[in-house]
Structures are given as C-alpha cells and as structure tokens.
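Shown here: query-v9.csv, CSV, N, CA and C atoms and all ligand atoms.
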chain,number,residue,atom,x,y,z
S,23,MET,N,160.0,25.1,90.2
S,23,MET,CA,160.4,24.3,89.0
S,23,MET,C,160.7,22.8,89.4
S,24,PRO,N,159.9,21.9,88.8
S,24,PRO,CA,160.2,20.5,89.2
S,24,PRO,C,161.6,20.0,88.8
S,25,ASP,N,162.2,19.2,89.6
S,25,ASP,CA,163.6,18.7,89.4
S,25,ASP,C,163.7,18.0,88.0
S,26,ALA,N,162.7,17.2,87.7
S,26,ALA,CA,162.7,16.4,86.5
S,26,ALA,C,162.9,17.3,85.2
S,27,ARG,N,162.2,18.5,85.3
S,27,ARG,CA,162.3,19.4,84.2
S,27,ARG,C,163.7,20.0,84.1
S,28,ILE,N,164.3,20.4,85.2
S,28,ILE,CA,165.6,20.9,85.2
S,28,ILE,C,166.6,19.9,84.7
S,29,ASN,N,166.4,18.6,85.1
S,29,ASN,CA,167.3,17.5,84.7
S,29,ASN,C,167.2,17.3,83.2
S,30,GLN,N,166.0,17.5,82.6
S,30,GLN,CA,165.8,17.3,81.2
S,30,GLN,C,166.6,18.4,80.5
S,31,GLY,N,166.5,19.7,81.0
S,31,GLY,CA,167.2,20.8,80.4
S,31,GLY,C,168.7,20.6,80.5
S,32,ALA,N,169.2,20.1,81.7
S,32,ALA,CA,170.6,19.9,81.9
S,32,ALA,C,171.1,18.8,80.9
S,33,ARG,N,170.3,17.8,80.7
S,33,ARG,CA,170.8,16.7,79.7
S,33,ARG,C,170.8,17.3,78.3
S,34,LEU,N,169.8,18.0,77.9
S,34,LEU,CA,169.8,18.6,76.6
S,34,LEU,C,171.0,19.6,76.4
S,35,TYR,N,171.2,20.3,77.4
S,35,TYR,CA,172.3,21.3,77.4
S,35,TYR,C,173.7,20.6,77.2
S,36,ALA,N,173.8,19.5,78.0
S,36,ALA,CA,175.1,18.7,77.9
S,36,ALA,C,175.3,18.2,76.4
S,37,THR,N,174.2,17.8,75.8
S,37,THR,CA,174.3,17.2,74.5
S,37,THR,C,174.4,18.3,73.4
S,38,ALA,N,173.7,19.3,73.5
S,38,ALA,CA,173.6,20.3,72.4
S,38,ALA,C,174.5,21.5,72.5
S,39,CYS,N,174.9,21.8,73.7
S,39,CYS,CA,175.5,23.1,74.0
S,39,CYS,C,176.9,23.0,74.6
S,40,ALA,N,177.1,22.0,75.5
S,40,ALA,CA,178.3,22.0,76.4
S,40,ALA,C,179.6,21.8,75.6
S,41,SER,N,179.5,21.2,74.4
S,41,SER,CA,180.8,21.1,73.7
S,41,SER,C,181.4,22.4,73.3
S,42,CYS,N,180.6,23.4,73.2
S,42,CYS,CA,181.2,24.8,72.9
S,42,CYS,C,181.1,25.7,74.1
S,43,HIS,N,180.2,25.5,75.0
S,43,HIS,CA,180.1,26.4,76.1
S,43,HIS,C,180.6,25.7,77.3
S,44,PHE,N,180.2,26.2,78.5
S,44,PHE,CA,180.7,25.6,79.7
S,44,PHE,C,180.4,24.1,79.8
S,45,SER,N,181.4,23.3,80.2
S,45,SER,CA,181.0,21.9,80.5
S,45,SER,C,181.8,21.5,81.7
S,46,GLY,N,181.0,20.9,82.6
S,46,GLY,CA,181.6,20.4,83.9
S,46,GLY,C,182.4,21.5,84.6
S,47,SER,N,183.6,21.2,84.9
S,47,SER,CA,184.5,22.2,85.7
S,47,SER,C,185.3,23.1,84.7
S,48,LYS,N,185.3,22.8,83.5
S,48,LYS,CA,186.1,23.5,82.5
S,48,LYS,C,185.4,24.7,82.0
S,49,LEU,N,186.1,25.8,81.9
S,49,LEU,CA,185.6,27.0,81.1
S,49,LEU,C,186.3,27.0,79.8
S,50,ARG,N,185.5,27.0,78.7
S,50,ARG,CA,186.1,27.0,77.4
S,50,ARG,C,186.7,28.3,77.1
S,51,LYS,N,187.8,28.3,76.5
S,51,LYS,CA,188.5,29.5,76.2
S,51,LYS,C,187.6,30.5,75.3
S,52,GLY,N,187.5,31.7,75.8
S,52,GLY,CA,186.8,32.7,75.0
S,52,GLY,C,185.3,32.5,75.0
S,53,ARG,N,184.8,31.5,75.7
S,53,ARG,CA,183.3,31.2,75.7
S,53,ARG,C,182.8,31.5,77.1
S,54,PRO,N,181.9,32.4,77.3
S,54,PRO,CA,181.4,32.7,78.6
S,54,PRO,C,180.6,31.6,79.2
S,55,LEU,N,180.6,31.4,80.5
S,55,LEU,CA,179.7,30.5,81.2
S,55,LEU,C,178.3,31.1,80.9
S,56,LEU,N,177.4,30.3,80.4
S,56,LEU,CA,176.1,30.9,79.9
S,56,LEU,C,175.3,31.4,81.1
S,57,THR,N,175.4,30.9,82.2
S,57,THR,CA,174.6,31.4,83.3
S,57,THR,C,175.0,32.8,83.7
S,58,LEU,N,176.2,33.2,83.3
S,58,LEU,CA,176.7,34.6,83.5
S,58,LEU,C,176.3,35.5,82.3
S,59,SER,N,175.8,34.9,81.2
S,59,SER,CA,175.5,35.6,80.0
S,59,SER,C,174.3,36.6,80.3
S,60,SER,N,174.4,37.7,79.7
S,60,SER,CA,173.3,38.7,79.9
S,60,SER,C,171.9,38.1,79.4
S,61,ALA,N,172.0,37.2,78.4
S,61,ALA,CA,170.7,36.7,77.8
S,61,ALA,C,170.0,35.9,78.9
S,62,THR,N,170.7,35.3,79.8
S,62,THR,CA,170.0,34.4,80.9
S,62,THR,C,169.4,35.3,82.0
S,63,HIS,N,169.9,36.5,82.1
S,63,HIS,CA,169.5,37.4,83.2
S,63,HIS,C,168.4,38.4,82.8
S,64,LEU,N,168.1,38.6,81.6
S,64,LEU,CA,167.1,39.6,81.2
S,64,LEU,C,165.7,39.1,81.7
S,65,ASN,N,164.8,40.1,81.8
S,65,ASN,CA,163.5,39.8,82.2
S,65,ASN,C,162.7,39.1,81.2
S,66,ASP,N,163.2,39.2,79.9
S,66,ASP,CA,162.5,38.6,78.8
S,66,ASP,C,163.4,37.5,78.2
S,67,PRO,N,162.8,36.3,77.9
S,67,PRO,CA,163.7,35.3,77.3
S,67,PRO,C,164.0,35.4,75.8
S,68,THR,N,163.5,36.4,75.2
S,68,THR,CA,163.5,36.5,73.7
S,68,THR,C,165.0,36.3,73.2
S,69,ASN,N,165.9,37.1,73.8
S,69,ASN,CA,167.3,37.0,73.2
S,69,ASN,C,167.9,35.6,73.3
S,70,LEU,N,167.7,35.0,74.4
S,70,LEU,CA,168.2,33.6,74.6
S,70,LEU,C,167.6,32.6,73.6
S,71,VAL,N,166.3,32.7,73.5
S,71,VAL,CA,165.5,31.9,72.6
S,71,VAL,C,166.0,32.1,71.1
S,72,ASN,N,166.1,33.4,70.8
S,72,ASN,CA,166.6,33.7,69.4
S,72,ASN,C,167.9,33.1,69.1
S,73,VAL,N,168.9,33.2,70.1
S,73,VAL,CA,170.2,32.7,69.9
S,73,VAL,C,170.1,31.2,69.6
S,74,MET,N,169.3,30.5,70.4
S,74,MET,CA,169.1,29.0,70.2
S,74,MET,C,168.5,28.7,68.8
S,75,LEU,N,167.5,29.4,68.5
S,75,LEU,CA,166.8,29.2,67.2
S,75,LEU,C,167.6,29.4,66.0
S,76,ASP,N,168.3,30.6,66.0
S,76,ASP,CA,169.0,31.0,64.8
S,76,ASP,C,170.5,31.0,64.9
S,77,GLY,N,171.1,30.7,66.0
S,77,GLY,CA,172.5,30.7,66.2
S,77,GLY,C,173.2,32.1,66.1
S,78,VAL,N,174.5,32.1,65.9
S,78,VAL,CA,175.3,33.3,65.8
S,78,VAL,C,176.1,33.2,64.6
S,79,SER,N,176.0,34.2,63.7
S,79,SER,CA,176.8,34.1,62.5
S,79,SER,C,178.1,34.8,62.7
S,80,SER,N,179.0,34.6,61.7
S,80,SER,CA,180.4,34.9,62.0
S,80,SER,C,180.7,36.4,62.0
S,81,ASP,N,179.7,37.2,61.5
S,81,ASP,CA,179.9,38.7,61.6
S,81,ASP,C,179.6,39.2,63.0
S,82,GLN,N,179.1,38.3,63.9
S,82,GLN,CA,178.8,38.7,65.3
S,82,GLN,C,179.8,38.0,66.1
S,83,GLY,N,180.1,38.4,67.3
S,83,GLY,CA,180.9,37.7,68.2
S,83,GLY,C,182.3,37.5,67.7
S,84,ILE,N,183.0,36.5,68.2
S,84,ILE,CA,184.4,36.3,67.8
S,84,ILE,C,184.5,35.9,66.3
S,85,SER,N,185.3,36.6,65.5
S,85,SER,CA,185.3,36.4,64.1
S,85,SER,C,185.7,35.0,63.7
S,86,GLY,N,185.0,34.4,62.8
S,86,GLY,CA,185.3,33.1,62.3
S,86,GLY,C,184.7,32.0,63.2
S,87,VAL,N,184.2,32.3,64.3
S,87,VAL,CA,183.5,31.2,65.1
S,87,VAL,C,182.0,31.4,65.0
S,88,VAL,N,181.3,30.3,64.8
S,88,VAL,CA,179.9,30.4,64.6
S,88,VAL,C,179.1,29.4,65.5
S,89,MET,N,178.0,29.9,65.9
S,89,MET,CA,177.1,29.0,66.7
S,89,MET,C,176.0,28.5,65.7
S,90,PRO,N,175.8,27.2,65.6
S,90,PRO,CA,174.8,26.7,64.7
S,90,PRO,C,173.4,27.1,65.2
S,91,ALA,N,172.4,27.1,64.3
S,91,ALA,CA,171.0,27.3,64.6
S,91,ALA,C,170.4,26.0,65.0
S,92,PHE,N,169.6,26.0,66.1
S,92,PHE,CA,169.0,24.8,66.5
S,92,PHE,C,167.5,24.7,66.2
S,93,ARG,N,167.1,25.6,65.3
S,93,ARG,CA,165.7,25.7,64.9
S,93,ARG,C,165.1,24.4,64.4
S,94,ASN,N,165.9,23.6,63.6
S,94,ASN,CA,165.4,22.4,63.1
S,94,ASN,C,165.8,21.2,64.0
S,95,ALA,N,166.6,21.4,65.0
S,95,ALA,CA,167.2,20.3,65.8
S,95,ALA,C,166.4,20.1,67.1
S,96,LEU,N,165.9,21.2,67.6
S,96,LEU,CA,165.2,21.2,68.9
S,96,LEU,C,163.8,21.6,68.8
S,97,SER,N,162.9,21.0,69.6
S,97,SER,CA,161.5,21.4,69.6
S,97,SER,C,161.3,22.5,70.6
S,98,ASP,N,160.1,23.2,70.5
S,98,ASP,CA,159.8,24.3,71.5
S,98,ASP,C,160.0,23.8,72.9
S,99,ASP,N,159.5,22.6,73.2
S,99,ASP,CA,159.7,22.0,74.5
S,99,ASP,C,161.1,21.9,74.9
S,100,GLU,N,162.0,21.4,74.0
S,100,GLU,CA,163.4,21.2,74.3
S,100,GLU,C,164.1,22.5,74.5
S,101,ILE,N,163.8,23.5,73.7
S,101,ILE,CA,164.4,24.8,73.8
S,101,ILE,C,164.0,25.5,75.1
S,102,ALA,N,162.7,25.3,75.5
S,102,ALA,CA,162.2,25.8,76.7
S,102,ALA,C,162.9,25.2,77.9
S,103,ALA,N,163.1,23.8,77.8
S,103,ALA,CA,163.8,23.1,78.9
S,103,ALA,C,165.2,23.6,79.1
S,104,ILE,N,165.9,23.8,78.0
S,104,ILE,CA,167.3,24.3,78.2
S,104,ILE,C,167.3,25.7,78.8
S,105,ALA,N,166.4,26.6,78.3
S,105,ALA,CA,166.3,27.9,78.9
S,105,ALA,C,165.9,27.9,80.3
S,106,GLU,N,165.0,27.0,80.7
S,106,GLU,CA,164.6,26.9,82.1
S,106,GLU,C,165.8,26.4,83.0
S,107,TYR,N,166.6,25.5,82.4
S,107,TYR,CA,167.7,25.0,83.2
S,107,TYR,C,168.8,26.1,83.4
S,108,LEU,N,169.1,26.9,82.3
S,108,LEU,CA,170.0,28.0,82.4
S,108,LEU,C,169.6,29.0,83.4
S,109,ARG,N,168.3,29.3,83.3
S,109,ARG,CA,167.7,30.3,84.2
S,109,ARG,C,167.7,29.9,85.7
S,110,HIS,N,167.4,28.6,85.9
S,110,HIS,CA,167.5,28.0,87.2
S,110,HIS,C,168.9,28.1,87.7
S,111,SER,N,169.9,27.7,86.9
S,111,SER,CA,171.3,27.7,87.3
S,111,SER,C,171.8,29.1,87.6
S,112,ALA,N,171.2,30.1,87.0
S,112,ALA,CA,171.6,31.4,87.2
S,112,ALA,C,171.0,32.0,88.5
S,113,GLY,N,170.1,31.2,89.1
S,113,GLY,CA,169.4,31.6,90.4
S,113,GLY,C,168.3,32.6,90.2
S,114,LYS,N,167.8,32.6,89.0
S,114,LYS,CA,166.7,33.6,88.7
S,114,LYS,C,165.3,32.9,88.7
S,115,GLN,N,164.3,33.8,88.9
S,115,GLN,CA,162.9,33.3,88.8
S,115,GLN,C,162.6,32.7,87.4
S,116,PRO,N,161.8,31.6,87.3
S,116,PRO,CA,161.5,31.1,86.0
S,116,PRO,C,160.8,32.1,85.2
S,117,TRP,N,161.0,32.1,83.8
S,117,TRP,CA,160.3,32.9,82.9
S,117,TRP,C,158.9,32.4,82.8
S,118,PRO,N,157.8,33.2,82.9
S,118,PRO,CA,156.4,32.6,82.7
S,118,PRO,C,156.1,32.2,81.3
S,119,ASN,N,155.3,31.2,81.1
S,119,ASN,CA,154.7,30.8,79.8
S,119,ASN,C,155.9,30.5,78.8
S,120,LEU,N,156.9,29.9,79.2
S,120,LEU,CA,158.1,29.9,78.4
S,120,LEU,C,157.9,29.1,77.1
S,121,GLN,N,157.3,27.9,77.3
S,121,GLN,CA,157.2,27.1,76.1
S,121,GLN,C,156.4,27.8,75.0
S,122,GLN,N,155.3,28.4,75.4
S,122,GLN,CA,154.4,29.1,74.5
S,122,GLN,C,155.2,30.2,73.8
S,123,LYS,N,156.0,30.9,74.6
S,123,LYS,CA,156.8,32.0,74.1
S,123,LYS,C,157.8,31.5,73.0
S,124,VAL,N,158.4,30.4,73.3
S,124,VAL,CA,159.3,29.8,72.3
S,124,VAL,C,158.6,29.6,70.9
S,125,GLY,N,157.4,29.1,71.0
S,125,GLY,CA,156.6,28.9,69.8
S,125,GLY,C,156.3,30.2,69.1
S,126,GLU,N,156.0,31.2,69.8
S,126,GLU,CA,155.7,32.5,69.2
S,126,GLU,C,157.0,33.1,68.6
S,127,ILE,N,158.1,33.0,69.3
S,127,ILE,CA,159.3,33.6,68.8
S,127,ILE,C,159.8,32.8,67.5
S,128,ARG,N,159.6,31.5,67.5
S,128,ARG,CA,159.9,30.7,66.4
S,128,ARG,C,159.2,31.1,65.1
S,129,HIS,N,158.0,31.6,65.3
S,129,HIS,CA,157.2,31.9,64.1
S,129,HIS,C,157.2,33.4,63.8
S,130,GLN,N,158.0,34.2,64.5
S,130,GLN,CA,158.1,35.6,64.1
S,130,GLN,C,158.9,35.7,62.8
S,131,PRO,N,158.7,36.7,62.0
S,131,PRO,CA,159.5,36.9,60.9
S,131,PRO,C,161.0,37.1,61.3
S,132,ARG,N,161.9,36.6,60.5
S,132,ARG,CA,163.3,36.6,60.9
S,132,ARG,C,164.0,37.7,60.1
S,133,PHE,N,165.0,38.3,60.8
S,133,PHE,CA,165.9,39.2,60.1
S,133,PHE,C,167.1,38.4,59.5
S,134,GLU,N,167.5,38.8,58.3
S,134,GLU,CA,168.8,38.2,57.8
S,134,GLU,C,169.9,38.7,58.6
S,135,HIS,N,170.8,37.7,59.0
S,135,HIS,CA,172.0,38.2,59.7
S,135,HIS,C,173.1,37.2,59.4
V,201,LIG,C1,179.5,24.8,67.6
V,201,LIG,C2,179.7,25.6,68.9
V,201,LIG,C3,178.4,26.0,69.6
V,201,LIG,C4,177.3,25.3,70.1
V,201,LIG,C5,177.1,23.8,69.8
V,201,LIG,C6,176.5,26.2,70.8
V,201,LIG,N1,177.0,27.4,70.8
V,201,LIG,FE1,176.3,29.1,71.8
V,201,LIG,N2,177.7,30.2,71.0
V,201,LIG,C7,178.8,29.8,70.2
V,201,LIG,C8,179.6,30.9,69.7
V,201,LIG,C9,180.8,30.8,68.9
V,201,LIG,C10,178.9,32.1,70.2
V,201,LIG,C11,179.3,33.5,70.0
V,201,LIG,C12,180.6,33.9,70.6
V,201,LIG,C13,180.5,34.0,72.1
V,201,LIG,O1,179.7,34.9,72.6
V,201,LIG,O2,181.2,33.3,72.8
V,201,LIG,C14,177.8,31.6,71.0
V,201,LIG,C15,176.9,32.5,71.7
V,201,LIG,C16,175.9,32.0,72.5
V,201,LIG,C17,175.1,32.9,73.4
V,201,LIG,C18,175.2,34.4,73.5
V,201,LIG,C19,176.1,34.7,74.7
V,201,LIG,C20,175.8,36.0,75.3
V,201,LIG,O3,176.6,36.4,76.2
V,201,LIG,O4,174.7,36.5,75.0
V,201,LIG,C21,174.2,32.1,74.0
V,201,LIG,C22,173.1,32.5,75.0
V,201,LIG,C23,174.4,30.7,73.5
V,201,LIG,N3,175.5,30.7,72.7
V,201,LIG,C24,173.7,29.6,74.0
V,201,LIG,C25,173.8,28.3,73.5
V,201,LIG,C26,172.9,27.2,73.8
V,201,LIG,C27,171.8,27.3,74.8
V,201,LIG,C28,173.4,26.2,73.1
V,201,LIG,C29,172.7,24.8,73.0
V,201,LIG,C30,171.4,24.8,72.5
V,201,LIG,C31,174.6,26.6,72.3
V,201,LIG,N4,174.8,27.9,72.6
V,201,LIG,C32,175.3,25.8,71.5
V,201,LIG,C33,179.0,28.5,69.9
V,201,LIG,C34,178.2,27.4,70.1

Rewrite the structure from the file as structure tokens, please.
Amino acid sequence: MPDARINQGARLYATACASCHFSGSKLRKGRPLLTLSSATHLNDPTNLVNVMLDGVSSDQGISGVVMPAFRNALSDDEIAAIAEYLRHSAGKQPWPNLQQKVGEIRHQPRFEH
C-alpha cells in the first residue's frame, strides 16, 4: 500500500471521523478505537463500508448517540481511502478491489434502519 494513499486516508479520517472516534492519543469515552473494531478485522469490508455510507441510527449502539451517514459527503475513492487507512493501521492485509466494492455496496438496495 503506497504511503501517499495511507496519508490520504489518515487525513480524511482526521477530518470526518476523529471528532467522534479515536483522535491522537485520546480515547473518546464509550467509543472504541476503530482499528480494534470488528468491522476493520473482517475478511470482507462490507460492514465497515456500510457503516460509513449509512451511519448508525439511535436504535443501534449507545442509545441517543448517532453516527451520521457519509453517503453524500464522501466519494467511493474517499471511503475506500479511509477503509484502507484503518485496515493498514490494524496491521491487516489490504482488502482487494476496495474502491470498486465501495461502489457496488453504495448501489445495493438499502434496508430501513
Ligand atoms: C458524530 C459522531 C460520529 C462521527 C463523525 C463518526 N462516527 Fe462512527 N460511530 C459513532 C457512533 C455514536 C457509533 C455507534 C456507537 C459505537 O459503536 O461507539 C459509531 C460506530 C462506528 C463503527 C462501528 C463500530 C464497530 O465496532 O463496529 C464504525 C466502523 C465507525 N463508526 C466508523 C466511522 C468512520 C470511518 C467515520 C468517518 C467516516 C465515523 N465513524 C464518523 C459516531 C460517529
């Protein structure tokens, strides 16, 4: 994985995600470090990509706390870069054809939640 790509993912993560999730040396209360999250460790990136595309609604996770959907805010390339950065930080092998997969997952029919 080229460093420039990981840096792009790290910058996007800092902008879009770190305010709620892990940032720098601080662990946010009640928010897991995402590199430890199961979504980052699965053999398939679908869960992680779905969370980024559609967010987490208040009936899932900690009640009353919501994660916004990034469907309209981030391109397939940007979502893939963040996922590659998290995967890299977790010390796992890169997911193959990730950007293409993000596009496929984006266009799958969505479940209401
Ligand atoms: C406004 C706050 C907020 C922002 C911004 C945010 N999240 Fe979340 N995220 C949450 C909350 C709340 C949950 C659900 C409760 C939990 O698991 O901590 C969550 C859950 C998750 C999960 C599921 C955790 C697991 O263990 O499976 C992942 C993965 C995730 N977020 C990734 C991201 C990524 C990547 C970004 C940036 C694109 C991001 N989040 C931006 C608040 C946020």

Which residue, S:Gln115, S:Ser41, S:Gln30, S:Ser59, has the smallest gap to Val73 (chain S) when you use only C-alpha atoms?
->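 Among the listed residues, S:Ser59 lies closest to Val73 (chain S).
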
Looking at all atoms listed in the file, which of S:Phe92, S:Asp98, S:Ser79, S:Asn65 is the one that sits closest to Pro118 (chain S)?
->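 Of S:Phe92, S:Asp98, S:Ser79, S:Asn65, the one nearest Pro118 (chain S), counting all atoms listed in the file, is S:Asn65.
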
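Using all atoms listed in the file, the shortest contact distance between His110 (chain S) and any of S:Asn72, S:Ile28, S:Ile127, S:Ser60 is found at S:Ile28.
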
Two-atom distance - CA of Leu75 (chain S), atom C1 of ligand LIG 201 (chain V) (Å) =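 So the answer is 13.4 Å.
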
Write out as a PDB file with N, CA and C atoms, in the frame of the given file each polymer residue whose atoms come within 7 Å of Arg93 (chain S), counting all atoms listed in the file; drop sequence neighbours fewer than 5 positions from it.
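In the end it all went to around-v3.pdb:
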ATOM      1  N   MET S  74     169.300  30.500  70.400  1.00  0.00           N
ATOM      2  CA  MET S  74     169.100  29.000  70.200  1.00  0.00           C
ATOM      3  C   MET S  74     168.500  28.700  68.800  1.00  0.00           C
ATOM      4  N   LEU S  75     167.500  29.400  68.500  1.00  0.00           N
ATOM      5  CA  LEU S  75     166.800  29.200  67.200  1.00  0.00           C
ATOM      6  C   LEU S  75     167.600  29.400  66.000  1.00  0.00           C
ATOM      7  N   ASP S  76     168.300  30.600  66.000  1.00  0.00           N
ATOM      8  CA  ASP S  76     169.000  31.000  64.800  1.00  0.00           C
ATOM      9  C   ASP S  76     170.500  31.000  64.900  1.00  0.00           C
ATOM     10  N   GLY S  77     171.100  30.700  66.000  1.00  0.00           N
ATOM     11  CA  GLY S  77     172.500  30.700  66.200  1.00  0.00           C
ATOM     12  C   GLY S  77     173.200  32.100  66.100  1.00  0.00           C
TER      13      GLY S  77
END

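Atom to atom, CA of Asn119 (chain S) and atom C31 of ligand LIG 201 (chain V) stand 21.7 Å apart.
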